[in-house]
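The data block below is my_file.cif; it holds mmCIF, C-alpha atoms.
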```cif
data_entry
#
loop_
_atom_site.label_atom_id
_atom_site.label_comp_id
_atom_site.auth_asym_id
_atom_site.auth_seq_id
_atom_site.Cartn_x
_atom_site.Cartn_y
_atom_site.Cartn_z
CA MET A 1 -4.69 -23.96 18.69
CA ARG A 2 -2.24 -21.59 16.99
CA CYS A 3 1.05 -20.85 18.70
CA VAL A 4 3.79 -18.29 18.33
CA ILE A 5 6.32 -19.73 15.92
CA LEU A 6 9.94 -19.70 16.98
CA PRO A 7 12.66 -19.06 14.41
CA LEU A 8 14.50 -22.23 13.39
CA GLU A 9 17.73 -21.19 15.13
CA VAL A 10 15.82 -20.79 18.39
CA GLN A 11 14.13 -24.17 17.97
CA GLU A 12 17.52 -25.74 17.41
CA GLY A 13 18.89 -23.89 20.44
CA VAL A 14 16.06 -25.26 22.55
CA ALA A 15 16.80 -28.72 21.22
CA GLU A 16 20.47 -28.44 22.08
CA ALA A 17 19.80 -27.03 25.50
CA ASN A 18 17.32 -29.65 26.52
CA THR A 19 18.18 -32.95 24.87
CA GLY A 20 19.91 -35.32 27.20
CA ARG A 21 18.54 -33.83 30.41
CA PHE A 22 16.17 -36.77 30.74
CA GLY A 23 18.43 -38.95 28.63
CA ASN A 24 17.48 -42.29 30.13
CA LEU A 25 13.75 -41.88 29.69
CA SER A 26 11.80 -42.86 26.60
CA ASN A 27 9.12 -40.57 25.13
CA GLU A 28 6.45 -42.73 26.75
CA GLN A 29 8.15 -42.56 30.16
CA LEU A 30 8.46 -38.79 29.83
CA ILE A 31 4.74 -38.54 29.09
CA GLU A 32 3.92 -40.76 32.04
CA LEU A 33 6.03 -38.49 34.22
CA LEU A 34 4.41 -35.39 32.72
CA ARG A 35 0.96 -36.86 33.34
CA HIS A 36 1.89 -37.60 36.94
CA VAL A 37 3.42 -34.15 37.52
CA SER A 38 0.47 -32.36 35.88
CA GLU A 39 -2.09 -34.29 37.90
CA LYS A 40 -0.22 -33.54 41.11
CA ASN A 41 0.98 -29.96 40.65
CA GLY A 42 -0.82 -28.59 37.61
CA ASP A 43 1.28 -26.58 35.17
CA SER A 44 4.53 -26.40 37.18
CA ALA A 45 7.98 -25.36 36.02
CA TYR A 46 8.99 -29.03 36.05
CA ALA A 47 6.11 -29.85 33.74
CA SER A 48 7.36 -27.12 31.40
CA HIS A 49 10.82 -28.68 31.38
CA LEU A 50 9.32 -32.02 30.51
CA ARG A 51 7.32 -30.49 27.66
CA GLU A 52 10.43 -28.70 26.36
CA GLU A 53 12.30 -31.99 26.45
CA LEU A 54 9.55 -33.69 24.43
CA ILE A 55 9.66 -30.87 21.87
CA ALA A 56 13.45 -30.92 21.68
CA ARG A 57 13.54 -34.65 21.17
CA ASN A 58 11.01 -34.61 18.39
CA ILE A 59 12.22 -31.66 16.32
CA GLY A 60 14.14 -34.20 14.20
CA LEU A 61 10.85 -35.96 13.52
CA VAL A 62 9.34 -32.67 12.29
CA LYS A 63 12.26 -32.11 9.96
CA SER A 64 12.19 -35.62 8.55
CA ILE A 65 8.47 -35.36 7.85
CA ALA A 66 8.84 -31.86 6.36
CA VAL A 67 11.59 -33.11 4.01
CA SER A 68 9.21 -35.70 2.62
CA PHE A 69 6.85 -32.90 1.49
CA ILE A 70 9.58 -30.99 -0.33
CA ASN A 71 8.03 -31.73 -3.73
CA SER A 72 5.07 -29.57 -2.77
CA GLY A 73 7.13 -26.60 -3.97
CA GLU A 74 7.03 -24.85 -0.58
CA PRO A 75 10.31 -23.81 1.12
CA LEU A 76 11.56 -26.41 3.58
CA ASP A 77 11.76 -23.86 6.42
CA ASP A 78 8.06 -23.06 6.00
CA LEU A 79 7.14 -26.75 5.98
CA VAL A 80 9.18 -27.26 9.16
CA GLN A 81 7.44 -24.31 10.80
CA ALA A 82 4.04 -25.75 9.91
CA GLY A 83 5.08 -29.17 11.21
CA TYR A 84 6.37 -27.56 14.38
CA ILE A 85 2.83 -26.37 15.14
CA GLY A 86 1.70 -30.00 14.88
CA LEU A 87 4.43 -31.01 17.34
CA LEU A 88 3.46 -28.25 19.78
CA ASN A 89 -0.16 -29.39 19.57
CA ALA A 90 0.88 -32.98 20.18
CA VAL A 91 2.89 -31.97 23.26
CA ALA A 92 0.13 -29.65 24.52
CA ASN A 93 -2.40 -32.48 24.22
CA PHE A 94 -0.02 -35.24 25.29
CA ASP A 95 -2.69 -36.72 27.51
CA LEU A 96 -4.77 -37.69 24.49
CA ALA A 97 -2.05 -40.04 23.21
CA ARG A 98 -2.86 -42.70 25.77
CA SER A 99 -3.32 -45.67 23.49
CA VAL A 100 -0.67 -44.90 20.87
CA ARG A 101 3.05 -44.22 20.86
CA PHE A 102 3.79 -40.51 21.17
CA SER A 103 5.80 -40.49 17.90
CA THR A 104 2.84 -42.02 16.02
CA TYR A 105 0.45 -39.49 17.52
CA ALA A 106 2.83 -36.58 16.89
CA SER A 107 3.52 -37.72 13.30
CA TYR A 108 -0.20 -37.71 12.60
CA LEU A 109 -0.58 -34.11 13.82
CA ILE A 110 2.65 -32.91 12.17
CA LYS A 111 1.63 -34.34 8.78
CA GLY A 112 -1.85 -32.89 9.22
CA GLU A 113 -0.50 -29.37 9.86
CA ILE A 114 1.90 -29.57 6.91
CA ARG A 115 -0.86 -30.74 4.55
CA HIS A 116 -3.12 -28.04 5.92
CA TYR A 117 -0.43 -25.44 5.28
CA ILE A 118 0.17 -26.66 1.70
CA ARG A 119 -3.57 -26.62 0.96
CA ASP A 120 -3.91 -23.12 2.37
CA LYS A 121 -1.08 -21.90 0.19
CA HIS A 122 -2.53 -23.42 -2.96
CA SER A 123 -6.18 -22.60 -2.46
CA THR A 124 -7.41 -21.05 -5.71
CA ILE A 125 -11.12 -20.52 -5.07
CA ARG A 126 -13.00 -19.22 -2.10
CA ILE A 127 -14.75 -21.99 -0.19
CA PRO A 128 -18.04 -20.96 1.52
CA GLN A 129 -17.62 -20.36 5.23
CA TRP A 130 -20.15 -23.02 6.30
CA VAL A 131 -18.45 -25.67 4.14
CA GLN A 132 -15.12 -24.80 5.75
CA ALA A 133 -16.70 -24.93 9.21
CA MET A 134 -18.21 -28.37 8.59
CA GLY A 135 -14.91 -29.55 7.13
CA GLN A 136 -13.08 -28.31 10.23
CA GLN A 137 -15.60 -30.03 12.50
CA LEU A 138 -15.08 -33.27 10.58
CA LYS A 139 -11.30 -32.90 10.88
CA ASP A 140 -11.57 -32.28 14.64
CA VAL A 141 -13.72 -35.38 15.07
CA GLU A 142 -11.27 -37.50 13.06
CA GLU A 143 -8.26 -36.21 14.99
CA GLY A 144 -9.97 -36.54 18.36
CA PHE A 145 -10.97 -40.09 17.56
CA PHE A 146 -7.45 -40.97 16.38
CA GLN A 147 -5.95 -39.54 19.58
CA GLU A 148 -8.29 -41.60 21.72
CA ASN A 149 -8.25 -44.85 19.78
CA GLY A 150 -5.06 -44.88 17.74
CA ARG A 151 -6.95 -45.52 14.47
CA PRO A 152 -9.09 -43.48 12.07
CA PRO A 153 -12.84 -43.52 12.84
CA ARG A 154 -15.42 -45.48 10.86
CA MET A 155 -18.35 -43.86 9.13
CA GLY A 156 -20.82 -44.70 11.91
CA GLU A 157 -18.45 -43.37 14.55
CA ILE A 158 -18.06 -40.02 12.76
CA ALA A 159 -21.82 -39.80 12.28
CA GLU A 160 -22.45 -40.49 15.96
CA ARG A 161 -19.98 -37.86 17.13
CA MET A 162 -21.23 -35.20 14.72
CA GLY A 163 -24.89 -35.96 15.34
CA LEU A 164 -25.46 -36.62 11.63
CA ALA A 165 -26.82 -39.51 9.58
CA GLU A 166 -24.20 -41.67 7.83
CA LYS A 167 -25.58 -40.49 4.49
CA GLN A 168 -24.85 -36.87 5.44
CA VAL A 169 -21.31 -37.79 6.51
CA ILE A 170 -20.75 -39.43 3.11
CA GLU A 171 -21.83 -36.18 1.41
CA LEU A 172 -19.53 -34.22 3.70
CA LEU A 173 -16.59 -36.47 2.84
CA ARG A 174 -17.36 -36.09 -0.87
CA GLY A 175 -17.43 -32.33 -0.42
CA ARG A 176 -14.10 -32.38 1.36
CA ARG A 177 -12.56 -34.47 -1.40
CA ALA A 178 -13.79 -31.98 -3.98
CA MET A 179 -12.33 -29.14 -1.91
CA SER A 180 -8.93 -30.79 -1.83
CA TYR A 181 -8.99 -31.31 -5.60
CA VAL A 182 -9.63 -27.65 -6.27
CA SER A 183 -7.07 -26.65 -3.67
CA ILE A 184 -4.10 -28.42 -5.16
CA ASP A 185 -3.57 -29.02 -8.83
CA GLU A 186 -3.24 -32.60 -9.99
CA ASP A 187 0.50 -32.52 -10.62
CA ARG A 188 1.17 -31.36 -7.10
CA ARG A 189 -1.11 -34.04 -5.69
CA ASP A 190 0.74 -36.67 -7.71
CA GLN A 191 4.00 -35.45 -6.22
CA ASP A 192 2.70 -35.31 -2.67
CA PRO A 193 4.74 -38.04 -0.98
CA HIS A 194 2.13 -38.33 1.77
CA PRO A 195 -1.28 -38.30 0.17
CA PRO A 196 -4.00 -38.10 2.83
CA ALA A 197 -4.97 -41.34 4.54
CA PRO A 198 -7.84 -43.11 2.75
CA ASP A 199 -11.09 -41.49 3.72
CA VAL A 200 -13.58 -43.64 5.54
CA ALA A 201 -16.00 -43.71 2.60
CA SER A 202 -13.47 -45.42 0.35
CA MET A 203 -13.31 -48.39 2.68
CA TYR A 204 -16.93 -49.31 2.09
CA GLY A 205 -18.38 -51.51 -0.62
CA GLN A 206 -15.13 -53.15 -1.66
CA GLY A 207 -13.87 -56.71 -1.51
CA MET A 208 -10.91 -57.77 0.62
CA LYS A 209 -8.57 -56.55 -2.09
CA PRO A 210 -6.96 -53.44 -0.57
CA PRO A 211 -7.86 -50.13 -2.26
CA SER A 212 -5.47 -48.63 -4.80
CA ASP A 213 -4.68 -45.92 -2.27
CA ILE A 214 -2.73 -48.51 -0.26
CA HIS A 215 -0.78 -49.46 -3.40
CA MET A 216 0.10 -45.83 -3.94
CA ARG A 217 1.33 -45.41 -0.36
CA ILE A 218 3.52 -48.50 -0.63
CA ALA A 219 4.83 -47.31 -3.99
CA VAL A 220 5.74 -43.97 -2.39
CA THR A 221 7.64 -45.85 0.33
CA ILE A 222 9.55 -47.80 -2.33
CA GLU A 223 10.40 -44.51 -4.00
CA LYS A 224 11.75 -43.14 -0.72
CA LEU A 225 13.92 -46.22 -0.30
CA GLU A 226 15.21 -45.90 -3.87
CA GLN A 227 16.17 -42.27 -3.24
CA MET A 228 18.07 -43.31 -0.14
CA GLN A 229 19.76 -46.10 -2.10
CA GLN A 230 20.89 -43.64 -4.77
CA GLN A 231 22.29 -41.31 -2.13
CA VAL A 232 24.31 -44.12 -0.55
CA ILE A 233 25.60 -45.37 -3.90
CA LYS A 234 26.60 -41.85 -4.86
CA GLY A 235 28.43 -41.51 -1.56
CA LEU A 236 30.15 -44.83 -2.01
CA PHE A 237 31.36 -44.43 -5.55
CA TYR A 238 31.40 -40.77 -6.53
CA GLN A 239 32.58 -38.74 -3.58
CA GLY A 240 36.10 -38.43 -4.96
CA LYS A 241 37.99 -39.89 -1.99
CA THR A 242 40.59 -42.57 -2.60
CA GLN A 243 40.22 -45.99 -0.99
CA ALA A 244 43.34 -45.26 1.05
CA GLU A 245 41.78 -42.06 2.43
CA ILE A 246 38.54 -43.84 3.33
CA GLY A 247 40.51 -46.70 4.90
CA LYS A 248 42.41 -44.20 7.03
CA GLU A 249 39.17 -42.55 8.19
CA LEU A 250 37.60 -45.88 9.08
CA ASN A 251 40.79 -47.36 10.45
CA ILE A 252 40.69 -50.32 8.08
CA SER A 253 42.95 -51.43 5.24
CA GLN A 254 42.58 -50.28 1.66
CA ARG A 255 41.94 -53.92 0.73
CA GLN A 256 39.01 -54.07 3.17
CA VAL A 257 37.55 -50.86 1.72
CA SER A 258 37.84 -52.32 -1.74
CA ARG A 259 36.14 -55.55 -0.65
CA MET A 260 33.31 -53.65 1.04
CA LYS A 261 32.74 -51.56 -2.06
CA GLU A 262 32.72 -54.65 -4.28
CA GLU A 263 30.21 -56.28 -1.97
CA ALA A 264 28.04 -53.16 -1.93
CA LEU A 265 28.21 -52.98 -5.72
CA ARG A 266 27.09 -56.61 -5.98
CA GLU A 267 24.15 -55.88 -3.69
CA VAL A 268 22.87 -53.00 -5.76
CA LYS A 269 23.73 -54.34 -9.21
CA GLY A 270 20.40 -56.08 -9.64
CA GLU A 271 18.51 -52.95 -8.65
CA VAL A 272 20.52 -50.38 -10.57
CA LEU A 273 21.69 -52.21 -13.69
CA GLY A 274 19.12 -54.98 -13.87
CA ASP A 275 19.67 -58.66 -13.05
CA ASN A 276 20.60 -59.57 -16.60
CA ASN A 277 23.71 -57.46 -16.54
CA GLY A 278 25.11 -59.02 -13.41
CA MET B 1 28.85 -55.72 13.12
CA ASP B 2 26.80 -58.86 13.76
CA ALA B 3 27.30 -61.35 10.94
CA ASN B 4 23.53 -61.69 10.60
CA MET B 5 22.90 -57.98 10.45
CA ASN B 6 22.03 -56.27 7.20
CA ASP B 7 24.04 -53.30 6.08
CA LEU B 8 22.08 -50.30 4.82
CA LEU B 9 22.21 -51.30 1.16
CA ASN B 10 21.15 -54.84 1.95
CA LEU B 11 18.30 -53.53 4.10
CA ILE B 12 17.10 -51.18 1.35
CA GLY B 13 17.36 -53.91 -1.31
CA ASN B 14 15.40 -56.41 0.81
CA SER B 15 12.81 -53.81 1.73
CA ILE B 16 12.20 -52.80 -1.89
CA GLU B 17 11.91 -56.46 -2.84
CA ASN B 18 9.46 -57.22 -0.01
CA LEU B 19 7.34 -54.14 -0.69
CA SER B 20 7.15 -54.99 -4.40
CA GLN B 21 6.05 -58.52 -3.48
CA CYS B 22 3.51 -57.00 -1.09
CA ILE B 23 1.92 -54.98 -3.91
CA ALA B 24 1.86 -58.13 -6.08
CA LEU B 25 0.10 -60.06 -3.29
CA PHE B 26 -2.48 -57.31 -2.86
CA ASP B 27 -3.07 -57.40 -6.61
CA VAL B 28 -4.08 -61.05 -6.39
CA ALA B 29 -6.29 -60.34 -3.34
CA GLN B 30 -3.99 -61.94 -0.76
CA PRO B 31 -3.92 -59.19 1.89
CA ALA B 32 -2.68 -61.50 4.65
CA GLY B 33 0.49 -62.29 2.69
CA GLY B 34 0.90 -58.62 1.85
CA VAL B 35 0.61 -57.55 5.47
CA GLU B 36 3.15 -60.21 6.40
CA LYS B 37 5.60 -58.65 3.92
CA LEU B 38 4.92 -55.17 5.32
CA SER B 39 5.52 -56.43 8.86
CA SER B 40 8.75 -58.13 7.86
CA VAL B 41 10.04 -54.84 6.40
CA LEU B 42 9.10 -53.05 9.64
CA THR B 43 10.86 -55.69 11.74
CA GLU B 44 13.94 -55.56 9.56
CA ILE B 45 14.17 -51.75 9.70
CA ASP B 46 13.65 -51.87 13.47
CA GLY B 47 16.45 -54.43 13.85
CA TYR B 48 18.75 -52.37 11.64
CA LEU B 49 18.10 -49.18 13.63
CA GLN B 50 19.11 -51.00 16.82
CA GLU B 51 22.53 -51.73 15.30
CA ILE B 52 22.98 -48.81 12.93
CA ASP B 53 26.13 -47.72 14.76
CA ALA B 54 27.86 -50.89 13.65
CA ASP B 55 27.15 -50.45 9.95
CA PRO B 56 30.36 -49.50 8.08
CA ILE B 57 28.41 -48.49 4.95
CA ILE B 58 27.28 -45.31 6.70
CA GLU B 59 30.88 -44.15 7.19
CA LEU B 60 32.02 -45.51 3.88
CA ALA B 61 29.41 -43.53 1.96
CA SER B 62 29.81 -40.45 4.18
CA VAL B 63 26.06 -40.19 4.74
CA ASP B 64 24.61 -38.55 7.81
CA ARG B 65 23.64 -41.23 10.33
CA GLY B 66 20.98 -39.04 11.96
CA GLU B 67 19.40 -38.26 8.62
CA ILE B 68 19.30 -41.94 7.63
CA GLU B 69 17.77 -42.79 11.03
CA GLY B 70 15.12 -40.08 10.56
CA ARG B 71 14.24 -41.29 7.08
CA LEU B 72 14.01 -44.92 8.16
CA GLN B 73 11.85 -43.93 11.13
CA SER B 74 9.57 -41.97 8.81
CA ILE B 75 9.26 -45.09 6.61
CA GLU B 76 8.43 -47.12 9.72
CA THR B 77 5.68 -44.64 10.61
CA ASP B 78 4.27 -44.82 7.07
CA LEU B 79 4.27 -48.63 7.06
CA ALA B 80 2.72 -48.81 10.52
CA SER B 81 -0.05 -46.49 9.38
CA ILE B 82 -0.68 -48.62 6.25
CA ILE B 83 -0.88 -51.79 8.36
CA SER B 84 -3.21 -50.05 10.80
CA ASP B 85 -5.50 -48.88 7.95
CA LEU B 86 -5.56 -52.38 6.48
CA GLY B 87 -6.43 -53.80 9.90
CA ASN B 88 -9.31 -51.35 10.27
CA GLN B 89 -10.57 -52.21 6.81
CA LYS B 90 -10.53 -55.91 7.69
CA CYS B 91 -12.48 -55.26 10.91
CA GLU B 92 -14.96 -53.19 8.94
CA HIS B 93 -15.59 -56.02 6.49
CA ALA B 94 -15.89 -58.54 9.30
CA SER B 95 -18.57 -56.45 11.00
CA HIS B 96 -20.67 -56.09 7.82
#
```
What's the structure tokens form of this structure?
Amino acid sequence: MRCVILPLEVQEGVAEANTGRFGNLSNEQLIELLRHVSEKNGDSAYASHLREELIARNIGLVKSIAVSFINSGEPLDDLVQAGYIGLLNAVANFDLARSVRFSTYASYLIKGEIRHYIRDKHSTIRIPQWVQAMGQQLKDVEEGFFQENGRPPRMGEIAERMGLAEKQVIELLRGRRAMSYVSIDEDRRDQDPHPPAPDVASMYGQGMKPPSDIHMRIAVTIEKLEQMQQQVIKGLFYQGKTQAEIGKELNISQRQVSRMKEEALREVKGEVLGDNNG
Amino acid sequence: MDANMNDLLNLIGNSIENLSQCIALFDVAQPAGGVEKLSSVLTEIDGYLQEIDADPIIELASVDRGEIEGRLQSIETDLASIISDLGNQKCEHASH
């Protein structure tokens, strides 16, 4: 489903206008309410308000996911727009998120749309129509299965849904992998902070040692944490404010600020300077 | 702030340490230990997010609380998805 894309200012306006209206309800409670209202009255104005609230609440999620793809070289606004389509799809198909948390379900669709957008932008060769169609069918099956079960499908499950033999699905997955390699050059793939989830084929024929893909995803998480750490350290030590000024802002004494900074410095010393220097 | 609560830097330091140990455990084919480390990072981030308002480091470093929350939530989503994939892989092996 493709939707009309709202300018960012309008999205933010919607967020401001709607957030807080159902302040006491969690995402899951909102969905339960939306399910109830939709079953009873169909697509009523109240149901629309509930959908708007869900969108407004999760625009931050879109932005945070889009930021993590910034190394793709695409403008952040465009990544946010692509992610916003994923959010709209998640809200439109809220009923499919029965067995998973809405944020997990929405994140999956948002990341999918952003990756899809990046691949589209970097496609360098023309892929035959039938290969694209099969690839799309495979993607739909995977997404549908994830929405229903909260986990990626296994090989046999994909084969069953597509009416193919497992061997044919393996070939299809190989083809898709090849397509993604020609779509994005290797450097960009290396920088992609969210490489695609391991495909089902890679989970077969290995011992209990997790595949290297899992290592890479954990390493990317560590990198994210390190970036956050650097930002905090920079804020703590290089923002040019005096300890007295910070103390005044926080309503604590200069001595307390100094102690907190010393403590923070001790915490990060091992990470930044190495244990031997501490 | 609760005396037992981590501040942001402590949380990040512990998380990096635990995730590095997790990779090391996977390298020696001990996925159960690795998953335990992943879960402990998730639990710790979850606990921190509950009490983020009480963390003075956020004000002290003049970082945007909402942005930090968003980034930590995104890390939670990533870790949850890794754990889920590992769980599926385990089930797959068990059924073969």
Would you give me, as a PDB file with C-alpha atoms, in the frame of the given file, the residues of chain A that come within 6 Å of chain B, using all atoms listed in the file?
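The resulting out-v5.pdb:
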```
ATOM      1  CA  SER A  64      12.190 -35.620   8.550  1.00  0.00           C
ATOM      2  CA  LYS A 209      -8.570 -56.550  -2.090  1.00  0.00           C
ATOM      3  CA  ILE A 222       9.550 -47.800  -2.330  1.00  0.00           C
ATOM      4  CA  VAL A 232      24.310 -44.120  -0.550  1.00  0.00           C
ATOM      5  CA  GLY A 235      28.430 -41.510  -1.560  1.00  0.00           C
ATOM      6  CA  LEU A 236      30.150 -44.830  -2.010  1.00  0.00           C
TER       7      LEU A 236
END
```
Next item on the list: Choose the residue, out of A:Gly163, A:Gly112, A:Pro153, A:Gly144, that has the smallest atom-to-atom separation from A:Ile65; count all atoms listed in the file.
Entry: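 Counting all atoms listed in the file, the residue closest to A:Ile65 is A:Gly112.
Comparing A:Gln256, A:Phe102, A:Pro152, A:His116 by their smallest distance to A:Gly135, the closest is A:His116 (using only C-alpha atoms).
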Note to self: Neighbouring residues of A:Leu61 were defined as those with any atom within 10 Å, considering all atoms listed in the file; residues of the same chain fewer than 2 positions away were excluded. Please report them as a ChimeraX atom specification.
What the structure shows: /A:55-59,63-67,80,83-84,87,103,106-107,110 /B:70-71,73-74
Next item on the list: For atom CA of A:Thr221 and atom CA of A:Asp78, quote the distance in Å rounded to one decimal.
Entry: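 So the two atoms, atom CA of A:Thr221 and atom CA of A:Asp78, lie 23.5 Å apart.
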Checklist line | Which of B:Ala54, B:Ser40, B:Gln21, B:Val35 sits closest to B:Asn6 [using only C-alpha atoms] | finding: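 The shortest atom-to-atom distance to B:Asn6 comes from B:Ala54.
Note that atom CA of A:Asn27 and atom CA of A:Phe146 are 18.7 Å apart.
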Margin query: Rounded to one decimal, what separation in Å do you get between atom CA of A:Ser38 and atom CA of A:Val91?
Written below: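 Distance between the two atoms: 12.9 Å.
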Can you complete the atoms of stretch 39-65 of chain A to N, CA and C atoms and list them as a short mmCIF file (atom, residue, chain, number, x, y, z; two decimals), keeping the file's coordinate frame?
```
data_model
loop_
_atom_site.label_atom_id
_atom_site.label_comp_id
_atom_site.auth_asym_id
_atom_site.auth_seq_id
_atom_site.Cartn_x
_atom_site.Cartn_y
_atom_site.Cartn_z
N GLU A 39 -0.96 -33.94 37.03
CA GLU A 39 -2.09 -34.29 37.90
C GLU A 39 -1.84 -33.80 39.33
N LYS A 40 -0.56 -33.88 39.72
CA LYS A 40 -0.22 -33.54 41.11
C LYS A 40 -0.10 -32.04 41.32
N ASN A 41 0.66 -31.38 40.41
CA ASN A 41 0.98 -29.96 40.65
C ASN A 41 0.44 -29.00 39.61
N GLY A 42 -0.34 -29.48 38.66
CA GLY A 42 -0.82 -28.59 37.61
C GLY A 42 0.32 -28.23 36.68
N ASP A 43 0.29 -26.97 36.17
CA ASP A 43 1.28 -26.58 35.17
C ASP A 43 2.53 -26.01 35.85
N SER A 44 3.35 -26.86 36.44
CA SER A 44 4.53 -26.40 37.18
C SER A 44 5.71 -26.17 36.24
N ALA A 45 6.77 -25.60 36.82
CA ALA A 45 7.98 -25.36 36.02
C ALA A 45 8.57 -26.70 35.56
N TYR A 46 8.45 -27.71 36.41
CA TYR A 46 8.99 -29.03 36.05
C TYR A 46 8.24 -29.61 34.85
N ALA A 47 6.92 -29.39 34.87
CA ALA A 47 6.11 -29.85 33.74
C ALA A 47 6.55 -29.15 32.46
N SER A 48 6.88 -27.86 32.58
CA SER A 48 7.36 -27.12 31.40
C SER A 48 8.65 -27.70 30.88
N HIS A 49 9.56 -28.07 31.81
CA HIS A 49 10.82 -28.68 31.38
C HIS A 49 10.56 -29.97 30.63
N LEU A 50 9.63 -30.74 31.15
CA LEU A 50 9.32 -32.02 30.51
C LEU A 50 8.75 -31.79 29.10
N ARG A 51 7.90 -30.79 28.98
CA ARG A 51 7.32 -30.49 27.66
C ARG A 51 8.43 -30.05 26.70
N GLU A 52 9.33 -29.18 27.21
CA GLU A 52 10.43 -28.70 26.36
C GLU A 52 11.28 -29.87 25.89
N GLU A 53 11.49 -30.82 26.81
CA GLU A 53 12.30 -31.99 26.45
C GLU A 53 11.61 -32.79 25.33
N LEU A 54 10.30 -32.96 25.46
CA LEU A 54 9.55 -33.69 24.43
C LEU A 54 9.65 -32.99 23.08
N ILE A 55 9.56 -31.64 23.12
CA ILE A 55 9.66 -30.87 21.87
C ILE A 55 11.07 -31.03 21.28
N ALA A 56 12.05 -30.85 22.15
CA ALA A 56 13.45 -30.92 21.68
C ALA A 56 13.75 -32.26 21.05
N ARG A 57 13.25 -33.31 21.67
CA ARG A 57 13.54 -34.65 21.17
C ARG A 57 12.89 -34.93 19.82
N ASN A 58 11.77 -34.26 19.58
CA ASN A 58 11.01 -34.61 18.39
C ASN A 58 11.12 -33.60 17.25
N ILE A 59 12.02 -32.62 17.41
CA ILE A 59 12.22 -31.66 16.32
C ILE A 59 12.77 -32.38 15.08
N GLY A 60 13.61 -33.40 15.32
CA GLY A 60 14.14 -34.20 14.20
C GLY A 60 13.02 -34.87 13.42
N LEU A 61 12.00 -35.30 14.16
CA LEU A 61 10.85 -35.96 13.52
C LEU A 61 10.14 -34.96 12.60
N VAL A 62 9.98 -33.72 13.09
CA VAL A 62 9.34 -32.67 12.29
C VAL A 62 10.12 -32.47 11.00
N LYS A 63 11.44 -32.37 11.14
CA LYS A 63 12.26 -32.11 9.96
C LYS A 63 12.16 -33.26 8.96
N SER A 64 12.22 -34.49 9.48
CA SER A 64 12.19 -35.62 8.55
C SER A 64 10.85 -35.69 7.82
N ILE A 65 9.78 -35.34 8.52
CA ILE A 65 8.47 -35.36 7.85
C ILE A 65 8.39 -34.20 6.85
#
```
